[in-house]
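Trainee: I'd like to ask some things about the structure below.
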Amino acid sequence: MQKIIGVTELQRRFRAVFDEVARKRTPYILTRGSRPEAVMLAYEDFLHYQQLSEQNILARFDRLMKRMAAHNAAFADEEIEADIEHARAELPAP
């Protein structure tokens, strides 16, 4: 279960809160002026969320690639290559 703590209270109780997050894996929502602004969570949980985020990005990329492949299926490879070359020719020189 997550807990909520203001930054001023966190400053006073940092060590105890840190130990609770690290040892018991209790996430804390950090607030300033009663508005949530950050989260403090165990490193393993952070890694898990990061992995989920990466998987979501890769899944979205895969869906985009499938849509592009379906859209481009009607065009010959030569047509696509010609369009790419035409677009490159219109780019300003570096």
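Following the order of the structure tokens, first chain is A, next is B, and so on, with residues numbered from 1 inside each chain and ligands from 1 in the order they appear.
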From the DSSP assignment of the backbone, select every residue of range 10-62 of chain A that is strand (DSSP E), and format the answer as a tab-separated table (two decimals) with N, CA and C atoms, in the first residue's frame.
Mentor:
```tsv
chain	number	residue	atom	x	y	z
A	28	TYR	N	6.15	5.73	-1.70
A	28	TYR	CA	5.67	6.99	-1.12
A	28	TYR	C	5.41	7.98	-2.25
A	29	ILE	N	4.28	8.65	-2.17
A	29	ILE	CA	3.99	9.77	-3.06
A	29	ILE	C	4.44	11.03	-2.32
A	30	LEU	N	5.30	11.79	-2.95
A	30	LEU	CA	5.84	13.00	-2.33
A	30	LEU	C	5.04	14.20	-2.81
A	31	THR	N	4.57	14.98	-1.84
A	31	THR	CA	3.73	16.13	-2.19
A	31	THR	C	4.40	17.42	-1.77
A	32	ARG	N	4.03	18.48	-2.48
A	32	ARG	CA	4.44	19.83	-2.12
A	32	ARG	C	3.18	20.67	-2.21
A	35	ARG	N	0.04	18.85	-3.43
A	35	ARG	CA	0.01	18.36	-4.81
A	35	ARG	C	1.06	17.27	-4.99
A	36	PRO	N	0.71	16.12	-5.53
A	36	PRO	CA	1.71	15.09	-5.78
A	36	PRO	C	2.70	15.56	-6.84
A	37	GLU	N	4.01	15.39	-6.55
A	37	GLU	CA	5.03	15.84	-7.49
A	37	GLU	C	6.05	14.77	-7.83
A	38	ALA	N	6.21	13.77	-6.97
A	38	ALA	CA	7.22	12.74	-7.23
A	38	ALA	C	6.83	11.47	-6.48
A	39	VAL	N	7.56	10.40	-6.79
A	39	VAL	CA	7.32	9.13	-6.12
A	39	VAL	C	8.66	8.57	-5.67
A	40	MET	N	8.67	7.99	-4.51
A	40	MET	CA	9.85	7.31	-3.99
A	40	MET	C	9.49	5.84	-3.90
```
Trainee: Within 9 Å of Thr26 in chain A, counting only C-alpha atoms, which residues show up once you throw out same-chain ones fewer than 3 positions away? Write them as number ranges by chain, please.
Mentor: A: 1-3, 17, 20-23, 40-42
Trainee: Could you give me, as a list in words, the residues within 12 Å of range 80-89 of chain A, counting only C-alpha atoms and dropping anything in the same chain fewer than 5 positions from it?
Mentor: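 The neighbour list is Met68, Ala69, His71, Asn72, Ala73, Ala74, Phe75 and Pro94 of chain A.
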Trainee: Using only C-alpha atoms, please write the residues we just selected to a file, as a PDB file, in the first residue's frame.
Mentor:
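Writing the result to result_4.pdb gives the following:
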```
ATOM      1  CA  MET A  68       3.482   0.781 -42.449  1.00  0.00           C
ATOM      2  CA  ALA A  69       4.091  -2.626 -44.048  1.00  0.00           C
ATOM      3  CA  HIS A  71       0.212   0.521 -46.240  1.00  0.00           C
ATOM      4  CA  ASN A  72       3.357   0.060 -48.320  1.00  0.00           C
ATOM      5  CA  ALA A  73       2.359  -3.393 -49.600  1.00  0.00           C
ATOM      6  CA  ALA A  74       0.625  -1.747 -52.538  1.00  0.00           C
ATOM      7  CA  PHE A  75       3.878  -0.104 -53.678  1.00  0.00           C
ATOM      8  CA  PRO A  94      24.437  20.179 -43.843  1.00  0.00           C
TER       9      PRO A  94
END
```
Trainee: Could you pull out the residues in chain A that DSSP calls helix (DSSP H, G or I) from the backbone, as a ChimeraX atom specification?
Mentor: /A:7-24,43-72,77-89
Trainee: Now that the selection is made, can you save its residues with C-alpha atoms as a compact mmCIF listing (two decimals), in the first residue's frame?
Mentor:
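Result file out-v4.txt:
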```txt
# COMPACT_ATOMS: atom_id res chain seq x y z
CA VAL A 7 8.44 17.08 1.45
CA THR A 8 8.85 18.91 4.77
CA GLU A 9 7.80 15.79 6.68
CA LEU A 10 10.07 13.71 4.46
CA GLN A 11 13.02 15.90 5.41
CA ARG A 12 12.32 15.24 9.09
CA ARG A 13 11.77 11.49 8.67
CA PHE A 14 13.98 10.70 5.68
CA ARG A 15 15.92 7.78 7.16
CA ALA A 16 12.79 6.00 8.42
CA VAL A 17 10.94 6.58 5.15
CA PHE A 18 13.96 5.48 3.12
CA ASP A 19 14.24 2.27 5.14
CA GLU A 20 10.53 1.56 4.68
CA VAL A 21 10.80 2.07 0.93
CA ALA A 22 13.97 0.00 0.58
CA ARG A 23 13.19 -2.84 3.00
CA LYS A 24 9.41 -3.13 2.88
CA TYR A 43 14.82 0.20 -6.96
CA GLU A 44 13.48 -3.23 -7.98
CA ASP A 45 10.04 -1.70 -8.52
CA PHE A 46 11.58 1.11 -10.57
CA LEU A 47 13.34 -1.45 -12.78
CA HIS A 48 10.05 -3.34 -13.19
CA TYR A 49 8.15 -0.19 -14.25
CA GLN A 50 10.97 0.78 -16.59
CA GLN A 51 10.87 -2.67 -18.23
CA LEU A 52 7.08 -2.42 -18.65
CA SER A 53 7.49 1.00 -20.23
CA GLU A 54 10.13 -0.31 -22.65
CA GLN A 55 7.91 -3.27 -23.56
CA ASN A 56 5.02 -0.86 -24.22
CA ILE A 57 7.21 1.28 -26.48
CA LEU A 58 8.43 -1.76 -28.40
CA ALA A 59 4.87 -3.05 -28.81
CA ARG A 60 3.75 0.34 -30.16
CA PHE A 61 6.71 0.35 -32.54
CA ASP A 62 5.81 -3.15 -33.74
CA ARG A 63 2.21 -2.04 -34.40
CA LEU A 64 3.48 0.97 -36.34
CA MET A 65 5.80 -1.21 -38.43
CA LYS A 66 2.90 -3.56 -39.26
CA ARG A 67 0.71 -0.62 -40.28
CA MET A 68 3.48 0.78 -42.45
CA ALA A 69 4.09 -2.63 -44.05
CA ALA A 70 0.37 -2.99 -44.81
CA HIS A 71 0.21 0.52 -46.24
CA ASN A 72 3.36 0.06 -48.32
CA ASP A 77 10.23 -1.46 -53.55
CA GLU A 78 11.53 0.61 -56.45
CA GLU A 79 8.76 3.18 -55.97
CA ILE A 80 9.52 3.49 -52.26
CA GLU A 81 13.26 3.84 -52.92
CA ALA A 82 12.57 6.53 -55.53
CA ASP A 83 10.40 8.45 -53.05
CA ILE A 84 13.16 8.24 -50.41
CA GLU A 85 15.79 9.48 -52.85
CA HIS A 86 13.50 12.33 -53.91
CA ALA A 87 12.94 13.34 -50.28
CA ARG A 88 16.70 13.21 -49.55
CA ALA A 89 17.41 15.41 -52.57
```
